[in-house]
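**Student:** The structure file input_15.pdb (PDB, C-alpha atoms and all ligand atoms) is provided below.
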ATOM      1  CA  MET A   1       0.000   0.000   0.000
ATOM      2  CA  ASP A   2       1.177   3.523  -0.747
ATOM      3  CA  PRO A   3      -0.957   6.467   0.451
ATOM      4  CA  ARG A   4       0.916   9.103  -1.574
ATOM      5  CA  PRO A   5      -0.896  10.957  -4.376
ATOM      6  CA  ILE A   6      -0.543  10.405  -8.113
ATOM      7  CA  GLY A   7       0.797  13.403 -10.070
ATOM      8  CA  MET A   8      -0.504  14.168 -13.532
ATOM      9  CA  PHE A   9       0.039  16.941 -16.053
ATOM     10  CA  ASP A  10      -1.087  18.313 -19.399
ATOM     11  CA  SER A  11      -0.683  21.548 -21.328
ATOM     12  CA  GLY A  12      -4.174  22.570 -20.168
ATOM     13  CA  VAL A  13      -7.557  20.970 -19.570
ATOM     14  CA  GLY A  14      -7.104  17.956 -21.892
ATOM     15  CA  GLY A  15      -5.523  15.756 -19.252
ATOM     16  CA  LEU A  16      -8.703  16.147 -17.214
ATOM     17  CA  THR A  17     -10.124  13.428 -19.491
ATOM     18  CA  VAL A  18      -7.403  11.153 -18.099
ATOM     19  CA  LEU A  19      -8.101  12.315 -14.553
ATOM     20  CA  HIS A  20     -11.797  11.573 -15.047
ATOM     21  CA  GLU A  21     -11.125   7.992 -16.161
ATOM     22  CA  CYS A  22      -8.681   7.546 -13.278
ATOM     23  CA  LEU A  23     -11.288   8.800 -10.782
ATOM     24  CA  VAL A  24     -13.783   6.268 -12.148
ATOM     25  CA  THR A  25     -11.260   3.424 -12.041
ATOM     26  CA  LEU A  26      -9.383   4.369  -8.869
ATOM     27  CA  PRO A  27     -11.775   6.317  -6.594
ATOM     28  CA  GLU A  28      -9.597   5.641  -3.538
ATOM     29  CA  GLU A  29      -6.526   7.437  -4.939
ATOM     30  CA  ASP A  30      -5.469  11.055  -4.362
ATOM     31  CA  PHE A  31      -4.454  13.092  -7.418
ATOM     32  CA  ILE A  32      -2.529  16.311  -8.029
ATOM     33  CA  TYR A  33      -3.226  17.648 -11.534
ATOM     34  CA  LEU A  34      -1.108  20.369 -13.123
ATOM     35  CA  GLY A  35      -2.426  22.161 -16.222
ATOM     36  CA  ASP A  36       0.291  24.226 -17.929
ATOM     37  CA  ASN A  37      -2.330  26.573 -19.387
ATOM     38  CA  GLY A  38       0.060  29.542 -19.170
ATOM     39  CA  ARG A  39       2.155  27.916 -21.923
ATOM     40  CA  PHE A  40      -0.660  26.230 -23.871
ATOM     41  CA  PRO A  41      -0.583  24.970 -26.627
ATOM     42  CA  TYR A  42       2.235  22.434 -26.695
ATOM     43  CA  GLY A  43       1.179  20.989 -30.058
ATOM     44  CA  SER A  44       2.712  23.756 -32.172
ATOM     45  CA  ARG A  45       6.000  23.866 -30.229
ATOM     46  CA  THR A  46       9.334  22.184 -30.908
ATOM     47  CA  ALA A  47      10.214  18.898 -29.214
ATOM     48  CA  GLY A  48      12.991  20.692 -27.305
ATOM     49  CA  GLU A  49      10.621  23.279 -25.843
ATOM     50  CA  ILE A  50       8.087  20.634 -24.836
ATOM     51  CA  ARG A  51      10.849  18.564 -23.219
ATOM     52  CA  ASP A  52      11.979  21.553 -21.152
ATOM     53  CA  PHE A  53       8.419  22.217 -19.953
ATOM     54  CA  ALA A  54       7.795  18.536 -19.183
ATOM     55  CA  GLY A  55      11.065  18.340 -17.239
ATOM     56  CA  GLN A  56      10.188  21.380 -15.126
ATOM     57  CA  ILE A  57       6.709  20.094 -14.345
ATOM     58  CA  ALA A  58       7.910  16.566 -13.598
ATOM     59  CA  SER A  59      10.459  17.972 -11.132
ATOM     60  CA  HIS A  60       7.784  20.136  -9.512
ATOM     61  CA  LEU A  61       5.358  17.220  -9.083
ATOM     62  CA  LEU A  62       8.017  14.792  -7.867
ATOM     63  CA  ALA A  63       9.022  17.368  -5.238
ATOM     64  CA  LEU A  64       5.432  17.050  -3.959
ATOM     65  CA  ASP A  65       6.209  13.353  -3.320
ATOM     66  CA  VAL A  66       3.901  11.715  -5.849
ATOM     67  CA  LYS A  67       4.121   7.916  -6.138
ATOM     68  CA  LEU A  68       3.498   7.823  -9.885
ATOM     69  CA  LEU A  69       3.841  10.512 -12.524
ATOM     70  CA  VAL A  70       1.339  10.414 -15.396
ATOM     71  CA  VAL A  71       2.137  12.384 -18.544
ATOM     72  CA  ALA A  72      -1.510  13.041 -19.449
ATOM     73  CA  CYS A  73      -0.586  14.793 -22.695
ATOM     74  CA  ASN A  74       0.275  13.077 -25.952
ATOM     75  CA  SER A  75       2.458  15.932 -27.213
ATOM     76  CA  ALA A  76       4.510  15.820 -23.988
ATOM     77  CA  THR A  77       4.666  12.025 -24.128
ATOM     78  CA  ALA A  78       5.873  12.060 -27.726
ATOM     79  CA  ALA A  79       8.544  14.689 -27.014
ATOM     80  CA  ALA A  80       9.622  13.792 -23.515
ATOM     81  CA  LEU A  81       8.512  10.475 -21.989
ATOM     82  CA  PRO A  82      11.669   8.396 -22.644
ATOM     83  CA  TRP A  83      13.794  11.454 -21.847
ATOM     84  CA  LEU A  84      12.085  11.871 -18.456
ATOM     85  CA  GLN A  85      12.253   8.153 -17.700
ATOM     86  CA  GLU A  86      15.988   8.070 -18.410
ATOM     87  CA  ARG A  87      16.706  11.026 -16.143
ATOM     88  CA  LEU A  88      14.332  10.709 -13.206
ATOM     89  CA  ASP A  89      14.291   8.098 -10.489
ATOM     90  CA  ALA A  90      10.524   7.658 -10.500
ATOM     91  CA  ALA A  91       7.725   5.580 -11.991
ATOM     92  CA  ILE A  92       6.486   7.526 -15.025
ATOM     93  CA  VAL A  93       3.783   6.488 -17.498
ATOM     94  CA  GLY A  94       2.227   8.310 -20.411
ATOM     95  CA  ALA A  95       0.200   8.153 -23.594
ATOM     96  CA  VAL A  96       0.891   6.739 -27.095
ATOM     97  CA  PHE A  97       1.824   3.161 -26.203
ATOM     98  CA  PRO A  98      -1.423   2.286 -24.353
ATOM     99  CA  GLU A  99      -3.658   3.593 -27.174
ATOM    100  CA  SER A 100      -1.492   1.939 -29.809
ATOM    101  CA  GLU A 101      -1.816  -1.409 -28.089
ATOM    102  CA  ALA A 102      -5.605  -1.010 -27.904
ATOM    103  CA  ALA A 103      -5.853   0.030 -31.578
ATOM    104  CA  VAL A 104      -3.852  -2.977 -32.768
ATOM    105  CA  GLN A 105      -6.133  -5.245 -30.749
ATOM    106  CA  ILE A 106      -9.298  -3.572 -32.071
ATOM    107  CA  THR A 107      -8.652  -3.142 -35.794
ATOM    108  CA  ARG A 108      -9.956  -5.822 -38.148
ATOM    109  CA  ASN A 109      -8.810  -4.373 -41.472
ATOM    110  CA  ARG A 110      -5.405  -3.276 -40.060
ATOM    111  CA  ARG A 111      -5.966   0.296 -41.219
ATOM    112  CA  VAL A 112      -5.590   2.663 -38.275
ATOM    113  CA  GLY A 113      -5.952   6.443 -38.241
ATOM    114  CA  VAL A 114      -4.289   8.783 -35.766
ATOM    115  CA  MET A 115      -5.591  12.296 -35.057
ATOM    116  CA  ALA A 116      -3.119  14.338 -32.993
ATOM    117  CA  THR A 117      -1.308  17.641 -32.661
ATOM    118  CA  GLU A 118       1.356  18.639 -35.174
ATOM    119  CA  ALA A 119       4.107  17.947 -32.621
ATOM    120  CA  THR A 120       2.833  14.451 -31.882
ATOM    121  CA  ILE A 121       2.436  13.508 -35.546
ATOM    122  CA  ALA A 122       5.834  15.000 -36.453
ATOM    123  CA  SER A 123       7.518  12.925 -33.717
ATOM    124  CA  GLY A 124       6.507   9.695 -35.478
ATOM    125  CA  SER A 125       5.771   8.161 -32.048
ATOM    126  CA  TYR A 126       2.442   6.615 -32.989
ATOM    127  CA  ARG A 127       3.685   5.165 -36.255
ATOM    128  CA  ARG A 128       6.621   3.575 -34.396
ATOM    129  CA  ALA A 129       4.514   2.226 -31.532
ATOM    130  CA  LEU A 130       1.840   0.857 -33.888
ATOM    131  CA  THR A 131       4.192  -0.802 -36.349
ATOM    132  CA  ASP A 132       6.331  -2.220 -33.509
ATOM    133  CA  LEU A 133       3.161  -4.024 -32.421
ATOM    134  CA  ASP A 134       2.014  -4.993 -35.950
ATOM    135  CA  ALA A 135       4.567  -4.439 -38.694
ATOM    136  CA  GLY A 136       1.920  -4.987 -41.381
ATOM    137  CA  LEU A 137      -0.395  -2.223 -40.175
ATOM    138  CA  ASP A 138      -1.328   0.708 -42.443
ATOM    139  CA  VAL A 139      -1.133   3.880 -40.353
ATOM    140  CA  PHE A 140      -2.783   7.113 -41.523
ATOM    141  CA  SER A 141      -1.612  10.145 -39.544
ATOM    142  CA  GLN A 142      -3.707  13.306 -39.449
ATOM    143  CA  PRO A 143      -2.379  16.444 -37.769
ATOM    144  CA  CYS A 144      -5.224  18.534 -36.321
ATOM    145  CA  PRO A 145      -3.516  21.871 -35.588
ATOM    146  CA  ARG A 146      -6.553  23.818 -34.392
ATOM    147  CA  LEU A 147      -8.608  21.233 -32.560
ATOM    148  CA  ALA A 148      -7.022  21.265 -29.080
ATOM    149  CA  SER A 149      -7.038  25.081 -28.955
ATOM    150  CA  MET A 150     -10.725  25.257 -29.824
ATOM    151  CA  ILE A 151     -11.549  22.723 -27.108
ATOM    152  CA  GLN A 152      -9.288  24.484 -24.587
ATOM    153  CA  ASN A 153     -11.138  27.737 -25.336
ATOM    154  CA  GLY A 154     -14.449  26.004 -24.666
ATOM    155  CA  ASP A 155     -15.622  25.721 -28.280
ATOM    156  CA  VAL A 156     -17.011  22.233 -28.668
ATOM    157  CA  SER A 157     -19.902  22.834 -31.020
ATOM    158  CA  SER A 158     -19.633  25.897 -33.283
ATOM    159  CA  PRO A 159     -20.434  25.322 -36.980
ATOM    160  CA  ALA A 160     -16.933  26.549 -37.851
ATOM    161  CA  MET A 161     -15.373  23.992 -35.555
ATOM    162  CA  ILE A 162     -17.437  21.160 -36.992
ATOM    163  CA  GLU A 163     -16.343  22.108 -40.520
ATOM    164  CA  ILE A 164     -12.690  22.091 -39.431
ATOM    165  CA  VAL A 165     -13.067  18.664 -37.815
ATOM    166  CA  LYS A 166     -14.809  17.319 -40.923
ATOM    167  CA  GLY A 167     -11.765  18.466 -42.905
ATOM    168  CA  TYR A 168      -9.429  16.569 -40.538
ATOM    169  CA  ALA A 169     -11.597  13.449 -40.686
ATOM    170  CA  ALA A 170     -12.020  13.350 -44.485
ATOM    171  CA  PRO A 171      -8.620  11.775 -45.384
ATOM    172  CA  LEU A 172      -9.091   9.119 -42.703
ATOM    173  CA  LYS A 173     -12.538   8.253 -44.018
ATOM    174  CA  ALA A 174     -11.183   8.138 -47.564
ATOM    175  CA  ALA A 175      -8.437   5.762 -46.406
ATOM    176  CA  GLY A 176     -11.027   3.335 -45.042
ATOM    177  CA  VAL A 177      -9.672   3.121 -41.503
ATOM    178  CA  ASP A 178     -11.796   1.116 -39.061
ATOM    179  CA  THR A 179     -10.058   2.445 -35.931
ATOM    180  CA  VAL A 180      -9.011   5.993 -35.044
ATOM    181  CA  ILE A 181      -6.754   6.873 -32.142
ATOM    182  CA  LEU A 182      -7.649  10.187 -30.534
ATOM    183  CA  GLY A 183      -3.993  11.068 -30.092
ATOM    184  CA  CYS A 184      -4.513  14.113 -27.896
ATOM    185  CA  THR A 185      -6.037  14.118 -24.433
ATOM    186  CA  HIS A 186      -8.251  17.075 -25.363
ATOM    187  CA  TYR A 187     -10.069  15.125 -28.089
ATOM    188  CA  PRO A 188     -12.185  12.771 -25.909
ATOM    189  CA  LEU A 189     -14.019  15.944 -24.845
ATOM    190  CA  VAL A 190     -15.607  16.042 -28.325
ATOM    191  CA  THR A 191     -16.229  12.297 -28.685
ATOM    192  CA  PRO A 192     -19.918  12.619 -29.680
ATOM    193  CA  MET A 193     -19.018  14.970 -32.541
ATOM    194  CA  LEU A 194     -16.151  12.777 -33.734
ATOM    195  CA  LYS A 195     -18.395   9.710 -33.650
ATOM    196  CA  ARG A 196     -20.983  11.446 -35.809
ATOM    197  CA  ILE A 197     -18.376  12.644 -38.285
ATOM    198  CA  LEU A 198     -16.399   9.382 -38.536
ATOM    199  CA  GLY A 199     -19.439   7.103 -38.486
ATOM    200  CA  ARG A 200     -20.585   4.020 -36.631
ATOM    201  CA  ASP A 201     -18.134   1.655 -38.329
ATOM    202  CA  VAL A 202     -15.082   3.439 -36.948
ATOM    203  CA  THR A 203     -13.981   2.618 -33.406
ATOM    204  CA  LEU A 204     -12.433   5.505 -31.487
ATOM    205  CA  VAL A 205      -9.592   4.789 -29.074
ATOM    206  CA  SER A 206      -9.398   7.226 -26.173
ATOM    207  CA  PRO A 207      -6.073   7.995 -24.509
ATOM    208  CA  ALA A 208      -7.977   8.715 -21.291
ATOM    209  CA  GLN A 209      -9.376   5.198 -20.916
ATOM    210  CA  GLU A 210      -6.190   3.461 -21.981
ATOM    211  CA  ILE A 211      -3.930   5.538 -19.721
ATOM    212  CA  ALA A 212      -6.278   4.956 -16.768
ATOM    213  CA  ARG A 213      -6.003   1.184 -17.388
ATOM    214  CA  LEU A 214      -2.226   1.477 -17.427
ATOM    215  CA  VAL A 215      -2.201   3.533 -14.209
ATOM    216  CA  ALA A 216      -4.409   0.971 -12.448
ATOM    217  CA  ALA A 217      -2.306  -1.971 -13.640
ATOM    218  CA  THR A 218       0.934  -0.217 -12.669
ATOM    219  CA  LEU A 219      -0.269   0.485  -9.106
ATOM    220  CA  ARG A 220      -1.638  -3.042  -8.732
ATOM    221  CA  ARG A 221       1.532  -4.718  -9.945
ATOM    222  CA  LYS A 222       3.735  -2.538  -7.751
ATOM    223  CA  GLY A 223       1.439  -3.079  -4.748
ATOM    224  CA  ALA A 224       1.200   0.729  -4.565
ATOM    225  CA  GLN A 225      -2.575   1.220  -4.349
ATOM    226  CA  ASN A 226      -4.165   3.308  -1.621
ATOM    227  CA  ARG A 227      -6.479   1.776   0.986
ATOM    228  CA  THR A 228      -9.692   0.561  -0.660
ATOM    229  CA  GLY A 229     -12.970   2.048   0.511
ATOM    230  CA  ARG A 230     -11.559   5.507   1.210
ATOM    231  CA  GLU A 231     -12.625   8.512  -0.851
ATOM    232  CA  GLY A 232      -9.731  10.014  -2.757
ATOM    233  CA  ARG A 233      -8.940  13.749  -2.776
ATOM    234  CA  TYR A 234      -7.812  15.815  -5.718
ATOM    235  CA  SER A 235      -6.199  19.176  -6.135
ATOM    236  CA  PHE A 236      -5.317  21.286  -9.140
ATOM    237  CA  LEU A 237      -2.407  23.491 -10.111
ATOM    238  CA  CYS A 238      -2.262  25.704 -13.176
ATOM    239  CA  THR A 239       0.291  28.082 -14.614
ATOM    240  CA  GLY A 240      -2.072  30.506 -16.359
ATOM    241  CA  ASP A 241      -5.437  32.099 -15.796
ATOM    242  CA  VAL A 242      -7.091  30.293 -12.858
ATOM    243  CA  GLU A 243     -10.602  31.512 -13.627
ATOM    244  CA  SER A 244     -10.767  30.123 -17.175
ATOM    245  CA  PHE A 245      -9.095  26.887 -16.073
ATOM    246  CA  VAL A 246     -11.745  26.440 -13.371
ATOM    247  CA  GLU A 247     -14.573  27.428 -15.689
ATOM    248  CA  VAL A 248     -13.691  25.118 -18.583
ATOM    249  CA  GLY A 249     -12.441  22.327 -16.308
ATOM    250  CA  ALA A 250     -15.551  22.263 -14.113
ATOM    251  CA  ARG A 251     -17.803  22.248 -17.182
ATOM    252  CA  PHE A 252     -16.004  19.332 -18.797
ATOM    253  CA  LEU A 253     -15.422  17.292 -15.667
ATOM    254  CA  GLN A 254     -18.775  18.108 -14.096
ATOM    255  CA  MET A 255     -17.298  18.486 -10.661
ATOM    256  CA  PRO A 256     -16.398  21.397  -8.404
ATOM    257  CA  PHE A 257     -12.915  22.835  -8.794
ATOM    258  CA  GLU A 258     -12.337  24.034  -5.260
ATOM    259  CA  ASN A 259      -8.730  23.299  -4.658
ATOM    260  CA  VAL A 260      -6.909  25.237  -7.405
ATOM    261  CA  SER A 261      -3.590  27.051  -6.922
ATOM    262  CA  LYS A 262      -1.448  28.952  -9.364
ATOM    263  CA  VAL A 263       2.139  27.881 -10.021
ATOM    264  CA  GLU A 264       4.399  30.633 -11.328
ATOM    265  CA  ILE A 265       6.138  29.795 -14.605
ATOM    266  CA  SER A 266       9.251  31.660 -13.398
ATOM    267  CA  GLY A 267       9.435  29.205 -10.475
ATOM    268  CA  LEU A 268       9.027  26.200 -12.786
ATOM    269  CA  GLU A 269      11.755  27.502 -15.066
ATOM    270  CA  ARG A 270      14.221  27.168 -12.197
ATOM    271  CA  MET A 271      13.330  23.489 -11.745
ATOM    272  CA  GLY A 272      14.304  21.675 -14.989
ATOM    273  CA  VAL A 273      15.796  18.203 -15.220
ATOM    274  CA  ALA A 274      19.585  18.050 -15.319
TER
HETATM  275  N1  LIG A 301      -3.561  17.694 -24.652
HETATM  276  C1  LIG A 301      -2.359  17.810 -25.413
HETATM  277  C2  LIG A 301      -2.019  16.490 -26.076
HETATM  278  O1  LIG A 301      -2.475  15.452 -25.624
HETATM  279  C3  LIG A 301      -2.262  18.801 -26.514
HETATM  280  C4  LIG A 301      -2.805  20.096 -26.622
HETATM  281  C5  LIG A 301      -1.752  21.153 -26.942
HETATM  282  O2  LIG A 301      -1.181  21.651 -25.979
HETATM  283  O3  LIG A 301      -1.521  21.442 -28.128
HETATM  284  O4  LIG A 301      -1.298  16.447 -27.033
END
Please re-express this file's structure in structure tokens.

**Tutor:**
Amino acid sequence: MDPRPIGMFDSGVGGLTVLHECLVTLPEEDFIYLGDNGRFPYGSRTAGEIRDFAGQIASHLLALDVKLLVVACNSATAAALPWLQERLDAAIVGAVFPESEAAVQITRNRRVGVMATEATIASGSYRRALTDLDAGLDVFSQPCPRLASMIQNGDVSSPAMIEIVKGYAAPLKAAGVDTVILGCTHYPLVTPMLKRILGRDVTLVSPAQEIARLVAATLRRKGAQNRTGREGRYSFLCTGDVESFVEVGARFLQMPFENVSKVEISGLERMGVA
């Protein structure tokens, strides 16, 4: 048993989809969530920049004595997960691999689409993870440069947004994929829209559900779960505007955001990983 909290971070509110699935799966655990909304978006940044940010945040959360660090952001996973794991003496899990494993298990026609930020697609992480698992898979990668920002700003239904998403989905539909990985933790927040646009025959793979499974399995196998039957606590940190973080976060997560503190970016910048 390990009563310490789990630390989790994203560039903004997207990782809250991962937190939500973790709260459903692991209601007895405590969580500290950090949204780096002051430096959002990550998806249009270079791998080096994202690595620096991820290193600072990981150091900050590990200093709060978390038992497991969850990179609840695909762009940060793609740029920084192995880099963090090599440098930090901590259990660290992230995205990409868990969704890839699920997609390879789900697909019947071995044609898999990936929707993700520009940074994640450019890293080639999904293509590598998917073809490591099934070398004969056809992978169709679709960068969606504007989608996370629209969701982060609270736009989940404007006609303009739907047209943009239809444009992102069109090449995947034309390619005949039967499985699409939502390769950004913001995207599960618009699952109903994506389902309508991609159609009933396409199975969507959510990073939130797959990461939550990985978190649960990791705690179980390490014997690091909290005491069952207790009610977990959660607190939030953000680096940007607290009010908009609370507003959008509470709306998406449908829970009160009472325990929110601001972390100064200047303080984080002093924390990086050596
Ligand atoms: N939620 C982040 C991800 O999973 C991306 C959003 C962004 O910062 O561009 O990639």

**Student:** Within 7 Å of ligand LIG 301 (chain A), counting only C-alpha atoms and all ligand atoms, which protein or nucleic acid residues do you find, written as a ChimeraX atom specification?

**Tutor:** /A:10-12,14-15,40-44,72-76,116-117,120,148-149,183-186

**Student:** Give me the residues near A:Val180 as a PyMOL selection string, where near means some atom within 6 Å (using only C-alpha atoms) and where sequence neighbours in that chain fewer than 3 positions away do not count.

**Tutor:** chain A and resi 112-114+204

**Student:** Create the file for the chosen residues now, containing C-alpha atoms and written as a PDB file, in the frame of the given file.

**Tutor:**
ATOM      1  CA  VAL A 112      -5.590   2.663 -38.275  1.00  0.00           C
ATOM      2  CA  GLY A 113      -5.952   6.443 -38.241  1.00  0.00           C
ATOM      3  CA  VAL A 114      -4.289   8.783 -35.766  1.00  0.00           C
ATOM      4  CA  LEU A 204     -12.433   5.505 -31.487  1.00  0.00           C
TER       5      LEU A 204
END

**Student:** Check what the PyMOL selection byres (((chain A and resi 151) around 10) and not hetatm) selects in the file above and give those residues as an mmCIF file with C-alpha atoms, in the coordinates of the input.

**Tutor:**
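Result went into result-v2.cif, see below:
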data_model
loop_
_atom_site.group_PDB
_atom_site.id
_atom_site.type_symbol
_atom_site.label_atom_id
_atom_site.label_comp_id
_atom_site.auth_asym_id
_atom_site.auth_seq_id
_atom_site.Cartn_x
_atom_site.Cartn_y
_atom_site.Cartn_z
ATOM 1 C CA VAL A 13 -7.557 20.970 -19.570
ATOM 2 C CA GLY A 14 -7.104 17.956 -21.892
ATOM 3 C CA ARG A 146 -6.553 23.818 -34.392
ATOM 4 C CA LEU A 147 -8.608 21.233 -32.560
ATOM 5 C CA ALA A 148 -7.022 21.265 -29.080
ATOM 6 C CA SER A 149 -7.038 25.081 -28.955
ATOM 7 C CA MET A 150 -10.725 25.257 -29.824
ATOM 8 C CA GLN A 152 -9.288 24.484 -24.587
ATOM 9 C CA ASN A 153 -11.138 27.737 -25.336
ATOM 10 C CA GLY A 154 -14.449 26.004 -24.666
ATOM 11 C CA ASP A 155 -15.622 25.721 -28.280
ATOM 12 C CA VAL A 156 -17.011 22.233 -28.668
ATOM 13 C CA SER A 157 -19.902 22.834 -31.020
ATOM 14 C CA MET A 161 -15.373 23.992 -35.555
ATOM 15 C CA HIS A 186 -8.251 17.075 -25.363
ATOM 16 C CA TYR A 187 -10.069 15.125 -28.089
ATOM 17 C CA LEU A 189 -14.019 15.944 -24.845
ATOM 18 C CA VAL A 190 -15.607 16.042 -28.325
ATOM 19 C CA VAL A 248 -13.691 25.118 -18.583
#

**Student:** Give as a PyMOL selection string the residues that the PyMOL selection byres (((chain A and resi 218) around 12) and not hetatm) matches when applied to the coordinates above.

**Tutor:** chain A and resi 6+26+67-70+91-94+211-217+219-225

**Student:** Run the PyMOL selection byres (((chain A and resi 139) around 10) and not hetatm) mentally over the shown coordinates, then write out the matched residues as a PDB file with C-alpha atoms, in the frame of the given file, using the chain letters and numbers from the document.

**Tutor:**
ATOM      1  CA  ARG A 110      -5.405  -3.276 -40.060  1.00  0.00           C
ATOM      2  CA  ARG A 111      -5.966   0.296 -41.219  1.00  0.00           C
ATOM      3  CA  VAL A 112      -5.590   2.663 -38.275  1.00  0.00           C
ATOM      4  CA  GLY A 113      -5.952   6.443 -38.241  1.00  0.00           C
ATOM      5  CA  VAL A 114      -4.289   8.783 -35.766  1.00  0.00           C
ATOM      6  CA  TYR A 126       2.442   6.615 -32.989  1.00  0.00           C
ATOM      7  CA  ARG A 127       3.685   5.165 -36.255  1.00  0.00           C
ATOM      8  CA  ARG A 128       6.621   3.575 -34.396  1.00  0.00           C
ATOM      9  CA  LEU A 130       1.840   0.857 -33.888  1.00  0.00           C
ATOM     10  CA  THR A 131       4.192  -0.802 -36.349  1.00  0.00           C
ATOM     11  CA  GLY A 136       1.920  -4.987 -41.381  1.00  0.00           C
ATOM     12  CA  LEU A 137      -0.395  -2.223 -40.175  1.00  0.00           C
ATOM     13  CA  ASP A 138      -1.328   0.708 -42.443  1.00  0.00           C
ATOM     14  CA  PHE A 140      -2.783   7.113 -41.523  1.00  0.00           C
ATOM     15  CA  SER A 141      -1.612  10.145 -39.544  1.00  0.00           C
ATOM     16  CA  GLN A 142      -3.707  13.306 -39.449  1.00  0.00           C
ATOM     17  CA  LEU A 172      -9.091   9.119 -42.703  1.00  0.00           C
ATOM     18  CA  ALA A 175      -8.437   5.762 -46.406  1.00  0.00           C
ATOM     19  CA  VAL A 177      -9.672   3.121 -41.503  1.00  0.00           C
ATOM     20  CA  VAL A 180      -9.011   5.993 -35.044  1.00  0.00           C
TER      21      VAL A 180
END

**Student:** Tell me, as a VMD selection string, which residues lie within 9 Å of A:Cys144, counting all atoms listed in the file; anything in the same chain fewer than 5 positions away does not count.

**Tutor:** chain A and resid 115 to 118 164 to 165 168

**Student:** Measuring between all atoms listed in the file, which one of A:Asn109, A:Asn226, A:Thr17, A:Thr46 shows the shortest distance to A:Phe252?

**Tutor:** A:Thr17

**Student:** For a quick check of understanding, using only C-alpha atoms, which of A:Val24, A:Ala208, A:Ala169, A:Leu253 has the smallest distance to A:Lys195?

**Tutor:**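 Looking at the shortest contact to A:Lys195, the residue is A:Ala169.
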
**Student:** With distances taken over all atoms listed in the file, which of A:Ile265, A:His20, A:Asn37, A:Phe97 is nearest to A:Glu243?

**Tutor:** A:Asn37

**Student:** Can you write out as a tab-separated table which residues of stretch 170-238 of chain A fall within 12 Å of stretch 47-63 of chain A, alongside each residue's closest atom pair and its distance in Å to one decimal, counting only C-alpha atoms and ordering rows by chain and ascending residue number?

**Tutor:**
residue	atom	partner	partner_atom	distance
A:Phe236	CA	A:Leu61	CA	11.4
A:Leu237	CA	A:Leu61	CA	10.0
A:Cys238	CA	A:Ile57	CA	10.6

**Student:** Those same residues, written as a PDB file, keeping the file's coordinate frame with C-alpha atoms?

**Tutor:**
ATOM      1  CA  PHE A 236      -5.317  21.286  -9.140  1.00  0.00           C
ATOM      2  CA  LEU A 237      -2.407  23.491 -10.111  1.00  0.00           C
ATOM      3  CA  CYS A 238      -2.262  25.704 -13.176  1.00  0.00           C
TER       4      CYS A 238
END

**Student:** From the list A:Leu16, A:Arg270, A:Tyr33, A:Thr228, which residue is nearest A:Gln254 when using only C-alpha atoms?

**Tutor:**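 Counting only C-alpha atoms, the residue closest to A:Gln254 is A:Leu16.
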
**Student:** Please indicate the distance in Å from atom CA of A:Lys262 to atom CA of A:Arg4, rounded to one decimal place.

**Tutor:**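 Atom CA of A:Arg4 lies at a distance of 21.5 Å from atom CA of A:Lys262.
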
**Student:** Could N, CA and C atoms be built for stretch 189-200 of chain A and written out as a compact mmCIF listing (two decimals), in the frame of the given file?

**Tutor:**
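Result file is rebuild15.txt:
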# COMPACT_ATOMS: atom_id res chain seq x y z
N LEU A 189 -12.98 14.99 -25.25
CA LEU A 189 -14.02 15.94 -24.84
C LEU A 189 -15.01 16.22 -25.98
N VAL A 190 -14.66 15.86 -27.21
CA VAL A 190 -15.61 16.04 -28.32
C VAL A 190 -15.94 14.69 -28.97
N THR A 191 -15.95 13.64 -28.16
CA THR A 191 -16.23 12.30 -28.68
C THR A 191 -17.56 12.21 -29.45
N PRO A 192 -18.67 12.77 -28.93
CA PRO A 192 -19.92 12.62 -29.68
C PRO A 192 -19.81 13.20 -31.09
N MET A 193 -19.16 14.36 -31.22
CA MET A 193 -19.02 14.97 -32.54
C MET A 193 -18.14 14.09 -33.45
N LEU A 194 -17.04 13.60 -32.92
CA LEU A 194 -16.15 12.78 -33.73
C LEU A 194 -16.84 11.49 -34.17
N LYS A 195 -17.67 10.94 -33.29
CA LYS A 195 -18.40 9.71 -33.65
C LYS A 195 -19.35 9.98 -34.79
N ARG A 196 -20.05 11.12 -34.73
CA ARG A 196 -20.98 11.45 -35.81
C ARG A 196 -20.24 11.64 -37.12
N ILE A 197 -19.11 12.32 -37.05
CA ILE A 197 -18.38 12.64 -38.28
C ILE A 197 -17.71 11.39 -38.87
N LEU A 198 -17.14 10.55 -38.02
CA LEU A 198 -16.40 9.38 -38.54
C LEU A 198 -17.31 8.19 -38.81
N GLY A 199 -18.46 8.16 -38.19
CA GLY A 199 -19.44 7.10 -38.49
C GLY A 199 -19.36 5.91 -37.55
N ARG A 200 -20.43 5.14 -37.56
CA ARG A 200 -20.58 4.02 -36.63
C ARG A 200 -19.54 2.92 -36.82
